[in-house]
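Report on the structure given below.
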Amino acid sequence: MQEFLSIERSKPTKRAPSERKGDFGEIYTPLSFSAASEQASRCAQCGNPFCHHACPLHNFIPFWLKRAANNDLSGAWEILAQTNPFPEITGRVCPQERLCEGACTLGTSFGAVNIGALEVVVSENALEAGLNPLAPFKFESSDTKNSKKVAIIGSGPAGLSAATFLLRGGVKPVVFEAAPRAGGLLAYGIPGFKVQKKVVERRVKMLEDAGCEFRLGQKIDEAEFAKISGSFDAVILATGAREPRGSGLSKEDAKGVYSALDFLTAAQASLYHESENAPDLRGKKVVVVGGGDTAMDCLRVALRLGAREAVCAYRRAQSDMGGSRKEYINAAEEGAEFRFNLAPTAIVTNEAGAVVALEVAKTIIKDGRVELLKGTESQIQADVIIFALGFGVKKEGFFSANGIEFSRTVSVSEEFRTSKAGIYACGDCASGSALVVTAAASGKGAALSVLRDLGL
């Protein structure tokens, strides 16, 4: 260990932009386990590891890195899977530079340990070797030791995490999902070039094999929720945050205007052959409004769907972008164009009601707030406009009917309890739109709270 003086940080190689733009495959080539072991040996083994504290799941990062450095795959995997419900996914999608790697003490002088890439290598090698972390917790229907059942509404990151830790506690989870397949945001909202869908499907299959039941295509209304809450020992809400934040402009319903998640979902559903409603972008000019990771996803998906141009209009400077820098770089490499300090002022349509341009104005920042500069309006030609301005939580009809308090999000205590006894909430529906890893941590916390309240 502590080989950072002699071994430089190395990163997985990326496929060439010209190649990766032609498909939805992952863009990074993972390190070999031997190369990952060498990189793991760079860890300084800090007595007070900031990486551990910066991780929302509080993974024991120095511990599993030490095992990996010693070529102990099973030991590294056991520690990693202890706290993380799906490390093969978080290793791919976490913005590590803002979390664990950003807190690494080697970052400023020697280059942070490449924690995310090593997490993927350990996970994939372990799973390929048949090391299933859920195998010891398999719930058998004939097991009479514990007859408790918990319903989870939503199968995104928070729901899958909650199911994982309920299984570990000996409780059978039953997951209700409105979509035709499980995974939520992981299945439909995050493109395959960031996490391949077979990776998500493998994790869902592991949960199923361990005894988790998935009921797909189940939209929950007041009557259905009443049945569920009366049939289970507890209910965990993990419904996510899917309501798009509007631009406040008129004509948002014009032909060619999309919210980011609707666009990404339509594109992925088409790739699943579940729908033929993916936008036909061949030869078209697409403008994406926003500067976060979702905006970068939209730009990159648009280019893969044949867009002639994909332009990002962001109201602040490049340095103010809220997303991961690596995603901005990836989008730029693939041909996305960026125009900063521009805010949308109008959606321009033709006589048929179809989009032809986005009117924008230049901006300045005063006291941290965006102000439009009068007289600077111009138009960006556009056949399609995608607004990636963030998401809110939908107030489901069964919330009020069941005394579940809601104020922009589902109101919860520190133990993830809602105002209704026996009902818990986690993930984005309780916190607002956040990261996959924070949703996973929230789902874990809700599951552990349920187990405590059930006396398990």
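By convention in this document, the chains of the structure tokens carry letters A, B, ... by their order, each chain's residues are numbered from 1, and ligands are numbered from 1 in the order they are shown.
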
Residues of region 197-363 of chain A in strand (DSSP E) according to DSSP, as a ChimeraX atom specification? /A:213-216,234-237,243-244,257-259,285-289,309-314,337-340,342-349,355-363

Find the spatial neighbours of region 232-238 of chain A, counting only C-alpha atoms, within a cut-off of 7 Å - ignore same-chain residues fewer than 3 positions away - and output them as a PyMOL selection string. chain A and resi 148-154+158-159+228-229+422-427+429

Quick one: residues within 9 Å of Pro87 (chain A), only C-alpha atoms, excluding same-chain residues fewer than 4 positions away - as number ranges by chain? A: 80-81, 91-92, 119-120, 122-123

Residue among A:Thr349, A:Asn114, A:Ser41, A:Asn125 lying closest to Lys66 (chain A), counting only C-alpha atoms: A:Ser41

Determine, using only C-alpha atoms, which residues of region 385-433 of chain A have any atom at most 12 Å from an atom of region 320-328 of chain A, and tabulate each with its shortest atom pair and distance in Å to one decimal place, rows ordered by chain and then rising number, as a tab-separated table.
residue	atom	partner	partner_atom	distance
A:Ala388	CA	A:Gly323	CA	11.7
A:Leu389	CA	A:Gly322	CA	11.0
A:Gly390	CA	A:Gly322	CA	10.9

Extract, using only C-alpha atoms, all DNA, RNA and protein residues at most 10 Å from Ala223 (chain A), discarding same-chain residues fewer than 3 positions from it, and format them as JSON, numbers by chain. {"A": [220, 226, 227, 228, 398, 401]}

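For the pair CA of Lys14 (chain A) and CA of Tyr28 (chain A), the interatomic distance is 4.6 Å.
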
Which residue out of A:Ser400, A:Arg369, A:Ala241, A:Gly22 has the minimum interatomic distance to Gly432 (chain A) when only C-alpha atoms are used?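 For Gly432 (chain A), the nearest of the candidates is A:Ala241.
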
Correct to one decimal, the distance CA of Ala68 (chain A)-CA of Ala40 (chain A) is 6.3 Å

Among the residues of region 35-243 of chain A, find those DSSP assigns to alpha helix (DSSP H) from the backbone and print them as a PyMOL selection string. chain A and resi 35-40+50-54+61-69+73-83+87-93+100-103+115-128+157-168+197-209+222-231

Nearest to Phe399 (chain A) among A:Phe340, A:Phe225, A:Phe86, A:Phe387, with distances taken over only C-alpha atoms: which residue is it?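 Counting only C-alpha atoms, the residue closest to Phe399 (chain A) is A:Phe225.
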
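Minimum atom-to-atom distances from A:Gly211, A:Gly189, A:Gly184, A:Gly256 to Val355 (chain A) were compared using only C-alpha atoms, and the lowest value belongs to A:Gly256.
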
Which residues are near Glu208 (chain A)? Cut-off 12 Å, only C-alpha atoms, ignore same chain within fewer than 6 positions. Put them as a list in words. Leu134, Ala135, Phe137, Lys138, Phe139, Glu140, Leu160, Ala163, Thr164, Leu167, Lys172, Pro173, Val174, Val175, Ala182, Glu201, Arg202, Phe214 and Arg215 of chain A

Residue with smallest distance to Phe338 (chain A) - pool A:Ala76, A:Ala35, A:Ala295, A:Ile89, counting only C-alpha atoms: A:Ala295

Contact residues around Pro136 (chain A) with only C-alpha atoms at 12 Å, ignoring same-chain residues under 6 positions, as a PDB file with N, CA, C and O atoms, in the first residue's frame:
ATOM      1  N   GLU A  78     -16.454  -8.725  -0.510  1.00  0.00           N
ATOM      2  CA  GLU A  78     -17.251  -8.873   0.700  1.00  0.00           C
ATOM      3  C   GLU A  78     -17.402  -7.543   1.424  1.00  0.00           C
ATOM      4  O   GLU A  78     -18.496  -7.191   1.891  1.00  0.00           O
ATOM      5  N   LEU A 167     -34.090  -8.056   2.352  1.00  0.00           N
ATOM      6  CA  LEU A 167     -33.724  -9.462   2.185  1.00  0.00           C
ATOM      7  C   LEU A 167     -32.646  -9.867   3.185  1.00  0.00           C
ATOM      8  O   LEU A 167     -32.701 -10.944   3.781  1.00  0.00           O
ATOM      9  N   ARG A 168     -31.680  -8.993   3.369  1.00  0.00           N
ATOM     10  CA  ARG A 168     -30.616  -9.298   4.322  1.00  0.00           C
ATOM     11  C   ARG A 168     -31.151  -9.412   5.740  1.00  0.00           C
ATOM     12  O   ARG A 168     -30.566 -10.106   6.577  1.00  0.00           O
ATOM     13  N   GLY A 169     -32.250  -8.716   6.008  1.00  0.00           N
ATOM     14  CA  GLY A 169     -32.850  -8.776   7.327  1.00  0.00           C
ATOM     15  C   GLY A 169     -33.860  -9.902   7.479  1.00  0.00           C
ATOM     16  O   GLY A 169     -34.516 -10.010   8.515  1.00  0.00           O
ATOM     17  N   GLY A 170     -34.004 -10.718   6.420  1.00  0.00           N
ATOM     18  CA  GLY A 170     -34.903 -11.857   6.503  1.00  0.00           C
ATOM     19  C   GLY A 170     -36.347 -11.557   6.181  1.00  0.00           C
ATOM     20  O   GLY A 170     -37.245 -12.338   6.510  1.00  0.00           O
ATOM     21  N   MET A 206     -30.665 -11.063  -9.620  1.00  0.00           N
ATOM     22  CA  MET A 206     -30.098 -11.498  -8.344  1.00  0.00           C
ATOM     23  C   MET A 206     -31.097 -11.299  -7.212  1.00  0.00           C
ATOM     24  O   MET A 206     -31.231 -12.157  -6.324  1.00  0.00           O
ATOM     25  N   ASP A 209     -33.826 -13.954  -7.599  1.00  0.00           N
ATOM     26  CA  ASP A 209     -33.331 -15.265  -7.170  1.00  0.00           C
ATOM     27  C   ASP A 209     -33.249 -15.369  -5.653  1.00  0.00           C
ATOM     28  O   ASP A 209     -33.341 -16.465  -5.093  1.00  0.00           O
ATOM     29  N   ALA A 210     -33.041 -14.225  -4.995  1.00  0.00           N
ATOM     30  CA  ALA A 210     -32.951 -14.218  -3.527  1.00  0.00           C
ATOM     31  C   ALA A 210     -34.320 -14.170  -2.854  1.00  0.00           C
ATOM     32  O   ALA A 210     -34.405 -14.219  -1.627  1.00  0.00           O
ATOM     33  N   GLY A 211     -35.384 -14.031  -3.653  1.00  0.00           N
ATOM     34  CA  GLY A 211     -36.721 -14.065  -3.076  1.00  0.00           C
ATOM     35  C   GLY A 211     -37.534 -12.798  -3.205  1.00  0.00           C
ATOM     36  O   GLY A 211     -38.683 -12.740  -2.765  1.00  0.00           O
TER      37      GLY A 211
END

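Using only C-alpha atoms, the protein and nucleic acid residues lying no more than 10 Å from Ser10 (chain A), apart from those fewer than 5 places from it along its own chain, are A:Leu31, A:Ala35, A:Ala36, A:Glu38, A:Gln39, A:Gly111, A:Ala112, A:Val113, A:Asn114, A:Ala117.
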